[in-house]
>>> print(open('structure10.txt').read())   # compact mmCIF, C-alpha atoms and all ligand atoms
# COMPACT_ATOMS: atom_id res chain seq x y z
CA MET A 298 24.85 -8.50 -14.00
CA LEU A 299 21.17 -7.91 -13.40
CA LYS A 300 18.83 -10.30 -11.65
CA VAL A 301 15.08 -10.02 -11.95
CA LEU A 302 12.76 -11.76 -9.52
CA VAL A 303 9.05 -11.81 -10.34
CA LEU A 304 7.31 -11.25 -7.00
CA GLY A 305 3.82 -11.02 -8.47
CA SER A 306 2.84 -11.98 -12.01
CA ALA A 307 -0.91 -11.29 -11.89
CA ALA A 308 -2.92 -8.14 -12.57
CA GLY A 309 -5.05 -6.35 -9.97
CA GLY A 310 -6.78 -8.80 -7.63
CA GLY A 311 -4.31 -11.64 -8.31
CA SER A 312 -5.24 -15.10 -9.51
CA PRO A 313 -7.50 -16.48 -8.19
CA GLN A 314 -9.44 -13.31 -7.44
CA TRP A 315 -11.23 -13.59 -4.12
CA ASN A 316 -14.77 -13.50 -5.56
CA CYS A 317 -14.19 -15.05 -8.97
CA ASN A 318 -15.18 -18.43 -10.34
CA SER A 319 -13.97 -17.94 -13.89
CA PRO A 320 -12.14 -21.01 -15.32
CA VAL A 321 -8.66 -19.83 -14.30
CA SER A 322 -9.59 -18.69 -10.79
CA LYS A 323 -11.51 -21.90 -10.18
CA SER A 324 -8.78 -24.15 -11.59
CA VAL A 325 -6.15 -22.51 -9.41
CA ARG A 326 -8.35 -22.75 -6.33
CA ASP A 327 -9.10 -26.42 -7.09
CA GLY A 328 -5.36 -27.14 -7.49
CA PHE A 329 -5.69 -28.13 -11.15
CA GLU A 330 -2.38 -29.59 -12.29
CA GLY A 331 0.07 -27.05 -13.64
CA THR A 332 -1.80 -24.03 -12.29
CA SER A 333 -0.56 -21.95 -9.41
CA PRO A 334 -1.73 -18.93 -7.47
CA ARG A 335 -0.33 -15.63 -8.70
CA THR A 336 0.01 -12.53 -6.56
CA GLN A 337 -0.29 -8.94 -7.75
CA SER A 338 2.09 -7.17 -10.03
CA SER A 339 5.65 -6.48 -8.86
CA ILE A 340 9.24 -7.36 -9.65
CA ALA A 341 12.48 -7.01 -7.67
CA VAL A 342 15.83 -6.26 -9.30
CA THR A 343 19.42 -6.41 -8.05
CA ALA A 344 22.78 -5.67 -9.62
CA ASN A 345 24.87 -6.99 -6.73
CA ASP A 346 22.89 -9.95 -5.39
CA ASN A 347 22.11 -8.46 -2.02
CA GLU A 348 20.54 -5.01 -2.40
CA TRP A 349 17.22 -5.05 -4.22
CA PHE A 350 14.87 -2.46 -5.60
CA LEU A 351 11.17 -3.19 -5.95
CA PHE A 352 9.44 -2.11 -9.11
CA ASN A 353 5.90 -1.51 -7.89
CA ALA A 354 4.72 -2.43 -4.43
CA SER A 355 1.80 -4.83 -4.50
CA PRO A 356 -0.87 -5.27 -1.83
CA ASP A 357 0.56 -8.81 -1.54
CA LEU A 358 4.03 -7.57 -0.67
CA GLY A 359 4.02 -9.05 2.83
CA SER A 360 3.47 -12.58 1.52
CA GLN A 361 5.84 -11.98 -1.40
CA ILE A 362 8.63 -11.07 1.02
CA LEU A 363 7.87 -14.12 3.13
CA LYS A 364 7.94 -16.41 0.10
CA ASN A 365 11.22 -15.21 -1.40
CA LYS A 366 14.22 -15.62 0.88
CA GLN A 367 16.20 -13.00 -1.08
CA MET A 368 13.77 -10.46 0.43
CA HIS A 369 14.29 -11.57 4.05
CA PRO A 370 16.18 -9.54 6.64
CA GLN A 371 19.77 -10.85 6.71
CA LYS A 372 21.42 -9.31 9.76
CA ASP A 373 20.90 -7.20 12.90
CA LEU A 374 17.57 -6.74 14.59
CA ARG A 375 16.21 -4.52 11.82
CA HIS A 376 17.38 -5.03 8.26
CA SER A 377 15.98 -5.39 4.78
CA PRO A 378 17.65 -6.15 1.45
CA ILE A 379 14.99 -3.85 -0.08
CA SER A 380 16.58 -0.43 -0.66
CA GLY A 381 13.63 1.26 -2.31
CA VAL A 382 10.75 1.20 -4.72
CA VAL A 383 10.11 2.52 -8.22
CA LEU A 384 6.46 3.07 -9.17
CA THR A 385 5.12 2.89 -12.72
CA ASN A 386 1.65 4.24 -11.90
CA GLY A 387 -0.70 4.90 -9.01
CA ASP A 388 -2.86 1.78 -9.32
CA VAL A 389 -3.84 -0.02 -6.15
CA ASP A 390 -1.94 -3.12 -7.26
CA HIS A 391 1.23 -1.02 -7.60
CA VAL A 392 1.16 1.29 -4.58
CA ALA A 393 -0.81 -0.40 -1.77
CA GLY A 394 2.27 -2.44 -0.78
CA LEU A 395 4.00 0.77 0.33
CA LEU A 396 1.89 0.48 3.46
CA THR A 397 3.63 -2.81 4.22
CA LEU A 398 7.01 -1.04 4.20
CA ARG A 399 6.51 0.96 7.39
CA GLU A 400 8.55 0.28 10.57
CA ARG A 401 11.20 2.97 10.21
CA GLN A 402 13.22 1.39 7.42
CA LYS A 403 15.44 3.56 5.20
CA LEU A 404 14.03 3.55 1.68
CA SER A 405 13.91 5.71 -1.41
CA VAL A 406 10.70 5.83 -3.44
CA TYR A 407 10.96 6.98 -7.06
CA ALA A 408 7.89 7.98 -9.07
CA HIS A 409 6.55 10.49 -11.55
CA LYS A 410 5.44 13.70 -9.84
CA ARG A 411 1.81 12.82 -10.66
CA VAL A 412 2.08 9.65 -8.63
CA HIS A 413 3.93 11.41 -5.80
CA SER A 414 1.15 13.97 -5.65
CA VAL A 415 -1.55 11.33 -5.16
CA LEU A 416 0.54 9.65 -2.46
CA LYS A 417 0.96 13.03 -0.77
CA ASP A 418 -2.78 13.68 -0.93
CA ASN A 419 -3.47 10.40 0.86
CA SER A 420 -2.25 10.82 4.38
CA ILE A 421 -2.30 7.06 5.03
CA PHE A 422 1.00 6.96 3.11
CA ASN A 423 2.53 9.06 5.88
CA VAL A 424 3.16 5.71 7.59
CA LEU A 425 6.29 5.94 5.44
CA ASN A 426 8.06 8.16 7.93
CA PRO A 427 9.79 11.02 6.02
CA ASP A 428 12.79 10.75 8.37
CA PHE A 429 13.43 7.33 6.87
CA VAL A 430 11.82 7.40 3.43
CA ASP A 431 12.90 9.76 0.65
CA ARG A 432 10.35 10.44 -2.07
CA ARG A 433 12.24 11.22 -5.27
CA GLU A 434 10.83 12.53 -8.50
CA MET A 435 11.51 10.52 -11.61
CA VAL A 436 11.96 12.76 -14.63
CA MET A 437 10.94 11.23 -17.95
CA ASN A 438 13.50 10.27 -20.61
CA LYS A 439 16.44 11.01 -18.35
CA LYS A 440 18.63 8.14 -17.25
CA PHE A 441 19.57 8.08 -13.57
CA GLU A 442 21.10 5.64 -11.12
CA LEU A 443 18.93 4.26 -8.33
CA LYS A 444 20.34 5.27 -4.96
CA ASN A 445 19.48 4.13 -1.50
CA LYS A 446 18.40 6.54 1.24
CA ASP A 447 22.07 7.27 2.01
CA ASN A 448 22.60 8.20 -1.65
CA VAL A 449 24.76 5.21 -2.43
CA GLY A 450 24.26 4.01 -6.00
CA LEU A 451 23.25 0.39 -6.44
CA GLY A 452 24.53 -0.20 -9.95
CA ILE A 453 21.04 -0.02 -11.49
CA GLU A 454 20.13 2.71 -13.95
CA VAL A 455 16.59 3.59 -14.90
CA GLU A 456 15.12 5.51 -17.77
CA ALA A 457 11.40 6.19 -17.49
CA PHE A 458 9.15 7.08 -20.40
CA GLU A 459 5.47 7.66 -20.89
CA VAL A 460 3.39 4.98 -22.58
CA PRO A 461 -0.27 5.07 -23.65
CA GLY A 462 -2.43 4.29 -20.65
CA LYS A 463 -4.91 5.57 -18.17
CA ILE A 464 -5.18 7.28 -14.81
CA ALA A 465 -5.41 4.88 -11.84
CA LEU A 466 -8.88 3.37 -11.46
CA TRP A 467 -9.43 4.91 -8.01
CA LEU A 468 -8.60 8.39 -9.38
CA GLU A 469 -10.88 8.29 -12.41
CA ASP A 470 -13.10 11.34 -12.74
CA GLU A 471 -16.05 10.84 -15.08
CA SER A 472 -16.71 14.57 -15.25
CA LYS A 473 -13.40 14.96 -17.09
CA GLY A 474 -14.65 13.20 -20.21
CA GLU A 475 -13.58 10.17 -22.15
CA ASN A 476 -10.13 9.76 -20.62
CA PHE A 477 -11.33 10.25 -17.01
CA GLY A 478 -8.72 12.93 -16.35
CA THR A 479 -5.71 10.94 -17.57
CA GLN A 480 -2.59 13.10 -17.81
CA GLU A 481 0.99 12.66 -18.94
CA GLY A 482 2.91 10.46 -16.56
CA ASP A 483 -0.06 8.41 -15.39
CA THR A 484 1.42 5.29 -17.01
CA ILE A 485 5.11 4.82 -17.59
CA GLY A 486 7.45 2.16 -18.90
CA LEU A 487 11.02 1.64 -17.71
CA LYS A 488 14.33 0.70 -19.20
CA ILE A 489 16.39 -0.85 -16.42
CA SER A 490 20.15 -1.22 -16.98
CA SER A 491 23.24 -2.30 -15.13
CA THR A 492 25.91 0.40 -14.74
CA ARG A 493 28.66 -2.25 -14.72
CA ASP A 494 27.97 -3.93 -18.04
CA ASN A 495 25.67 -3.25 -20.94
CA LYS A 496 22.83 -5.46 -19.72
CA SER A 497 19.34 -3.97 -19.78
CA PHE A 498 15.68 -4.84 -20.07
CA TYR A 499 12.27 -3.19 -20.33
CA TYR A 500 9.51 -3.39 -17.74
CA ILE A 501 6.12 -2.21 -19.03
CA PRO A 502 3.34 -3.75 -16.92
CA ALA A 503 0.63 -1.46 -18.31
CA CYS A 504 0.35 -0.23 -21.87
CA ALA A 505 -2.70 0.55 -23.98
CA GLU A 506 -0.96 0.62 -27.36
CA VAL A 507 2.43 -0.09 -28.93
CA THR A 508 3.06 3.14 -30.78
CA LYS A 509 5.70 3.42 -33.50
CA GLU A 510 7.91 5.28 -31.07
CA LEU A 511 7.58 2.57 -28.43
CA ALA A 512 8.30 -0.16 -30.98
CA GLN A 513 11.48 1.64 -32.03
CA ARG A 514 12.53 2.10 -28.44
CA ILE A 515 12.23 -1.57 -27.45
CA ASN A 516 13.56 -2.98 -30.71
CA GLY A 517 16.89 -4.75 -30.23
CA SER A 518 16.41 -5.40 -26.52
CA GLU A 519 17.41 -8.51 -24.67
CA LEU A 520 14.32 -8.85 -22.50
CA ILE A 521 10.92 -7.28 -22.15
CA LEU A 522 8.40 -7.84 -19.37
CA PHE A 523 5.19 -6.58 -20.94
CA ASP A 524 1.52 -6.01 -20.11
CA GLY A 525 -0.16 -9.42 -20.49
CA THR A 526 -3.45 -8.44 -18.86
CA LEU A 527 -5.96 -9.89 -21.30
CA TRP A 528 -6.08 -12.36 -24.16
CA LYS A 529 -8.97 -10.51 -25.86
CA ASN A 530 -10.09 -6.93 -25.44
CA ASP A 531 -13.64 -7.99 -24.50
CA GLU A 532 -12.79 -11.08 -22.48
CA MET A 533 -14.27 -9.79 -19.21
CA SER A 534 -17.67 -9.13 -20.76
CA SER A 535 -17.72 -12.19 -23.01
CA SER A 536 -16.89 -14.43 -20.05
CA LYS A 537 -19.49 -12.48 -18.01
CA VAL A 538 -17.20 -11.76 -15.06
CA GLY A 539 -17.07 -8.02 -15.72
CA GLU A 540 -17.96 -5.29 -18.14
CA LYS A 541 -14.85 -3.34 -18.96
CA THR A 542 -12.74 -3.87 -22.03
CA GLY A 543 -8.96 -3.94 -21.91
CA GLN A 544 -8.83 -0.57 -23.66
CA ARG A 545 -11.17 0.92 -21.06
CA MET A 546 -8.72 -0.27 -18.40
CA GLY A 547 -5.64 1.02 -20.26
CA HIS A 548 -4.39 -2.43 -21.20
CA MET A 549 -3.66 -4.23 -24.47
CA ASN A 550 -4.82 -7.67 -25.45
CA ASN A 551 -2.28 -10.35 -26.35
CA SER A 552 -4.12 -11.64 -29.43
CA GLY A 553 -5.58 -10.14 -32.58
CA GLU A 554 -4.59 -7.50 -35.10
CA ASP A 555 -4.37 -4.83 -32.37
CA GLY A 556 -2.67 -7.15 -29.86
CA SER A 557 0.82 -7.19 -28.37
CA MET A 558 1.88 -10.45 -30.05
CA LYS A 559 1.30 -8.87 -33.44
CA ALA A 560 2.84 -5.53 -32.44
CA LEU A 561 6.10 -7.10 -31.26
CA LYS A 562 6.25 -9.93 -33.79
CA ASP A 563 8.71 -8.36 -36.19
CA LEU A 564 10.85 -6.67 -33.57
CA ASN A 565 14.21 -8.07 -32.58
CA ILE A 566 13.66 -8.89 -28.90
CA LYS A 567 15.42 -11.91 -27.44
CA LYS A 568 13.08 -12.79 -24.60
CA LYS A 569 9.46 -11.67 -24.32
CA VAL A 570 7.59 -12.30 -21.09
CA TYR A 571 3.99 -11.49 -20.21
CA ILE A 572 3.42 -10.05 -16.76
CA HIS A 573 0.45 -8.36 -15.00
CA ILE A 574 -1.86 -11.12 -16.24
CA ASN A 575 -5.54 -10.97 -15.35
CA THR A 576 -7.20 -14.03 -13.85
CA THR A 577 -9.60 -14.15 -16.84
CA ASN A 578 -6.74 -14.68 -19.28
CA PRO A 579 -6.70 -18.28 -20.58
CA ILE A 580 -2.91 -18.16 -21.10
CA LEU A 581 -2.73 -18.88 -17.37
CA LEU A 582 -4.05 -22.41 -18.02
CA PRO A 583 -1.07 -24.62 -18.93
CA ASN A 584 -2.93 -26.73 -21.48
CA SER A 585 -4.99 -24.03 -23.15
CA ASP A 586 -4.85 -23.29 -26.88
CA GLU A 587 -4.10 -19.68 -25.96
CA ARG A 588 -1.01 -20.69 -23.93
CA LYS A 589 0.17 -22.71 -26.90
CA ILE A 590 -0.31 -19.77 -29.24
CA VAL A 591 1.63 -17.29 -27.10
CA GLU A 592 4.46 -19.79 -26.72
CA GLU A 593 4.51 -20.47 -30.47
CA ASN A 594 4.84 -16.70 -30.90
CA GLY A 595 7.93 -16.65 -28.71
CA TRP A 596 6.34 -15.39 -25.49
CA GLU A 597 6.74 -16.78 -21.98
CA VAL A 598 4.08 -16.53 -19.28
CA SER A 599 5.63 -15.27 -16.05
CA TYR A 600 4.89 -16.86 -12.69
CA ASP A 601 5.54 -15.85 -9.10
CA GLY A 602 9.13 -16.68 -8.15
CA MET A 603 10.39 -16.61 -11.77
CA GLU A 604 14.05 -15.54 -11.88
CA ILE A 605 15.80 -14.12 -14.90
CA SER A 606 19.52 -13.28 -14.97
CA LEU A 607 21.01 -11.01 -17.56
C1 LIG B 701 -5.27 -2.04 -13.70
O1 LIG B 701 -4.14 -2.44 -13.92
O2 LIG B 701 -6.09 -1.85 -14.61
C2 LIG B 701 -5.64 -1.76 -12.29
O3 LIG B 701 -4.75 -2.39 -11.44
C3 LIG B 701 -7.04 -2.05 -11.99
C4 LIG B 701 -7.29 -2.08 -10.53
O4 LIG B 701 -6.86 -1.19 -9.79
O5 LIG B 701 -7.94 -3.04 -10.10
MN MN B 702 -2.88 -3.17 -12.48
>>> encode(input="structure10.txt", output="structure tokens", more="lines below")
Ligand code: MLT
Ligand code: MN
Amino acid sequence: MLKVLVLGSAAGGGSPQWNCNSPVSKSVRDGFEGTSPRTQSSIAVTANDNEWFLFNASPDLGSQILKNKQMHPQKDLRHSPISGVVLTNGDVDHVAGLLTLRERQKLSVYAHKRVHSVLKDNSIFNVLNPDFVDRREMVMNKKFELKNKDNVGLGIEVEAFEVPGKIALWLEDESKGENFGTQEGDTIGLKISSTRDNKSFYYIPACAEVTKELAQRINGSELILFDGTLWKNDEMSSSKVGEKTGQRMGHMNNSGEDGSMKALKDLNIKKKVYIHINTTNPILLPNSDERKIVEENGWEVSYDGMEISL
């Protein structure tokens, strides 16, 4: 058995974004029927119903823990059902929540060595006291079981693999040319499996392109939580709330010939769920044409608090 809890379904900045008056942000702020606030990108997974691993740690983690009783301390004066964190990249929306996890709690943090090196270079992350927090390197394409700080396996296996993407925004270096210094391991996808049965799913919150290899890998899966950042590649500039395209940010659009709906259309995947959705994306409006189209194409739009059992 695997249980997935969506802690945060939005992309960086959440929805609404603090300084944004685009239709989605405004509708959510105005309490438009059927809309709801979405916090920043993270899921929690358990294989035994009481020990959870976070997949990405969002800047909203404090409020996400408060909102979801599965994440509350259950016993003793200090306790957390959160045993550790797996990071898929170094973006602010995926690592800033680590700072919420201080207070001498035993945790293990798994990430690609690239991501570990940027955490190491930023001494603010030393609030994760090394006596209590193990930083473990995640090797690509090699299945391993997630273990808590005491090295007890939690029944969850992970296989990490590189996907097309980009270096974290705050690490971009324009002097390094077109890809801003992006290297292997800057963006990864995960296959998350139960060790006790053959249940598994894919979690890929950032992806710039579905390559042939990626399509083959995910084909036949039961569930995929996939990068739903934008509806259209140029939606930030066309709606005048920003300048960057999805491709410039390392994200795919849902729609169009080069979009994720098209790329996954002919694959055999039972349940397809968009996650990491930007506040400019009209699929967040319940009555929009775009929401209708993604649903007609077999996709669900995740929301904070969504639970999926496998
Ligand atoms: C992204 O997913 O593109 C980043 O989270 C952007 C950001 O850090 O705001
Ligand atoms: Mn992001």
>>> atom_distance(input="structure10.txt", atom1="atom CA of Thr542 of chain A", atom2="atom CA of Lys529 of chain A")
8.5 Å
>>> closest_residue(input="structure10.txt", among="A:Glu597, A:Glu481, A:Glu400, A:Glu604", to="Ala341 of chain A", atoms="all atoms listed in the file")
A:Glu604
>>> residues_near_ligand(input="structure10.txt", ligand="ligand MN 702 (chain B)", cutoff="8 Å", atoms="all atoms listed in the file", output="ChimeraX atom specification")
/A:308-309,337-338,388-391,502-503,573
>>> write_last_selection(input="structure10.txt", atoms="C-alpha atoms", output="tab-separated table (two decimals), keeping the file's coordinate frame")
chain	number	residue	atom	x	y	z
A	308	ALA	CA	-2.92	-8.14	-12.57
A	309	GLY	CA	-5.05	-6.35	-9.97
A	337	GLN	CA	-0.29	-8.94	-7.75
A	338	SER	CA	2.09	-7.17	-10.03
A	388	ASP	CA	-2.86	1.78	-9.32
A	389	VAL	CA	-3.84	-0.02	-6.15
A	390	ASP	CA	-1.94	-3.12	-7.26
A	391	HIS	CA	1.23	-1.02	-7.60
A	502	PRO	CA	3.34	-3.75	-16.92
A	503	ALA	CA	0.63	-1.46	-18.31
A	573	HIS	CA	0.45	-8.36	-15.00
>>> atom_distance(input="structure10.txt", atom1="atom CA of Thr385 of chain A", atom2="atom CA of Val424 of chain A")
20.6 Å
>>> residues_around(input="structure10.txt", residues="segment 482-490 of chain A", least_positions_apart="4", cutoff="6 Å", atoms="only C-alpha atoms", output="JSON list (two decimals) with C-alpha atoms, in the coordinates of the input")
[["chain", "number", "residue", "atom", "x", "y", "z"],
["A", 385, "THR", "CA", 5.12, 2.89, -12.72],
["A", 386, "ASN", "CA", 1.65, 4.24, -11.90],
["A", 453, "ILE", "CA", 21.04, -0.02, -11.49],
["A", 454, "GLU", "CA", 20.13, 2.71, -13.95],
["A", 455, "VAL", "CA", 16.59, 3.59, -14.90],
["A", 456, "GLU", "CA", 15.12, 5.51, -17.77],
["A", 457, "ALA", "CA", 11.40, 6.19, -17.49],
["A", 458, "PHE", "CA", 9.15, 7.08, -20.40],
["A", 459, "GLU", "CA", 5.47, 7.66, -20.89],
["A", 460, "VAL", "CA", 3.39, 4.98, -22.58],
["A", 462, "GLY", "CA", -2.43, 4.29, -20.65],
["A", 464, "ILE", "CA", -5.18, 7.28, -14.81],
["A", 496, "LYS", "CA", 22.83, -5.46, -19.72],
["A", 497, "SER", "CA", 19.34, -3.97, -19.78],
["A", 498, "PHE", "CA", 15.68, -4.84, -20.07],
["A", 499, "TYR", "CA", 12.27, -3.19, -20.33],
["A", 500, "TYR", "CA", 9.51, -3.39, -17.74],
["A", 501, "ILE", "CA", 6.12, -2.21, -19.03]]
>>> residues_around(input="structure10.txt", residues="Ile362 of chain A", least_positions_apart="5", cutoff="12 Å", atoms="all atoms listed in the file", output="MDAnalysis selection string")
chainID A and resid 302:305 336 339:341 349 351 354:357 367:370 377:379 394 397:398 601:602
>>> closest_residue(input="structure10.txt", among="A:Met546, A:Leu404, A:Leu522, A:Leu299", to="ligand LIG 701 (chain B)", atoms="all atoms listed in the file")
A:Met546
>>> atom_distance(input="structure10.txt", atom1="atom CA of Phe350 of chain A", atom2="atom CA of Asn438 of chain A")
19.7 Å
>>> residues_around(input="structure10.txt", residues="Val406 of chain A", least_positions_apart="4", cutoff="9 Å", atoms="all atoms listed in the file", output="PyMOL selection string")
chain A and resi 381-384+430-434
>>> build_atoms(input="structure10.txt", residues="segment 584-598 of chain A", atoms="N, CA, C and O atoms", output="CSV table (one decimal), keeping the file's coordinate frame")
chain,number,residue,atom,x,y,z
A,584,ASN,N,-2.6,-25.9,-20.3
A,584,ASN,CA,-2.9,-26.7,-21.5
A,584,ASN,C,-3.9,-26.0,-22.5
A,584,ASN,O,-4.4,-26.6,-23.4
A,585,SER,N,-4.0,-24.7,-22.3
A,585,SER,CA,-5.0,-24.0,-23.2
A,585,SER,C,-4.4,-23.8,-24.5
A,585,SER,O,-3.2,-23.7,-24.7
A,586,ASP,N,-5.3,-23.6,-25.5
A,586,ASP,CA,-4.8,-23.3,-26.9
A,586,ASP,C,-4.1,-21.9,-26.9
A,586,ASP,O,-3.2,-21.7,-27.6
A,587,GLU,N,-4.7,-21.0,-26.0
A,587,GLU,CA,-4.1,-19.7,-26.0
A,587,GLU,C,-2.7,-19.7,-25.4
A,587,GLU,O,-1.8,-19.0,-25.9
A,588,ARG,N,-2.4,-20.6,-24.4
A,588,ARG,CA,-1.0,-20.7,-23.9
A,588,ARG,C,-0.1,-21.2,-25.1
A,588,ARG,O,1.0,-20.7,-25.2
A,589,LYS,N,-0.6,-22.2,-25.8
A,589,LYS,CA,0.2,-22.7,-26.9
A,589,LYS,C,0.5,-21.6,-27.9
A,589,LYS,O,1.6,-21.5,-28.4
A,590,ILE,N,-0.5,-20.8,-28.2
A,590,ILE,CA,-0.3,-19.8,-29.2
A,590,ILE,C,0.7,-18.7,-28.8
A,590,ILE,O,1.6,-18.4,-29.5
A,591,VAL,N,0.6,-18.3,-27.5
A,591,VAL,CA,1.6,-17.3,-27.1
A,591,VAL,C,3.0,-17.9,-27.1
A,591,VAL,O,4.0,-17.3,-27.5
A,592,GLU,N,3.1,-19.2,-26.7
A,592,GLU,CA,4.5,-19.8,-26.7
A,592,GLU,C,5.0,-20.0,-28.1
A,592,GLU,O,6.2,-19.7,-28.4
A,593,GLU,N,4.1,-20.3,-29.1
A,593,GLU,CA,4.5,-20.5,-30.5
A,593,GLU,C,5.0,-19.1,-31.0
A,593,GLU,O,5.8,-19.1,-31.9
A,594,ASN,N,4.4,-18.0,-30.5
A,594,ASN,CA,4.8,-16.7,-30.9
A,594,ASN,C,6.0,-16.2,-30.1
A,594,ASN,O,6.3,-15.0,-30.2
A,595,GLY,N,6.7,-17.0,-29.4
A,595,GLY,CA,7.9,-16.6,-28.7
A,595,GLY,C,7.8,-15.9,-27.4
A,595,GLY,O,8.7,-15.3,-26.9
A,596,TRP,N,6.6,-16.1,-26.8
A,596,TRP,CA,6.3,-15.4,-25.5
A,596,TRP,C,6.4,-16.4,-24.4
A,596,TRP,O,6.0,-17.6,-24.5
A,597,GLU,N,6.8,-16.0,-23.2
A,597,GLU,CA,6.7,-16.8,-22.0
A,597,GLU,C,5.7,-16.2,-21.1
A,597,GLU,O,5.5,-14.9,-21.1
A,598,VAL,N,5.1,-17.0,-20.2
A,598,VAL,CA,4.1,-16.5,-19.3
A,598,VAL,C,4.8,-16.5,-17.9
A,598,VAL,O,5.2,-17.6,-17.4
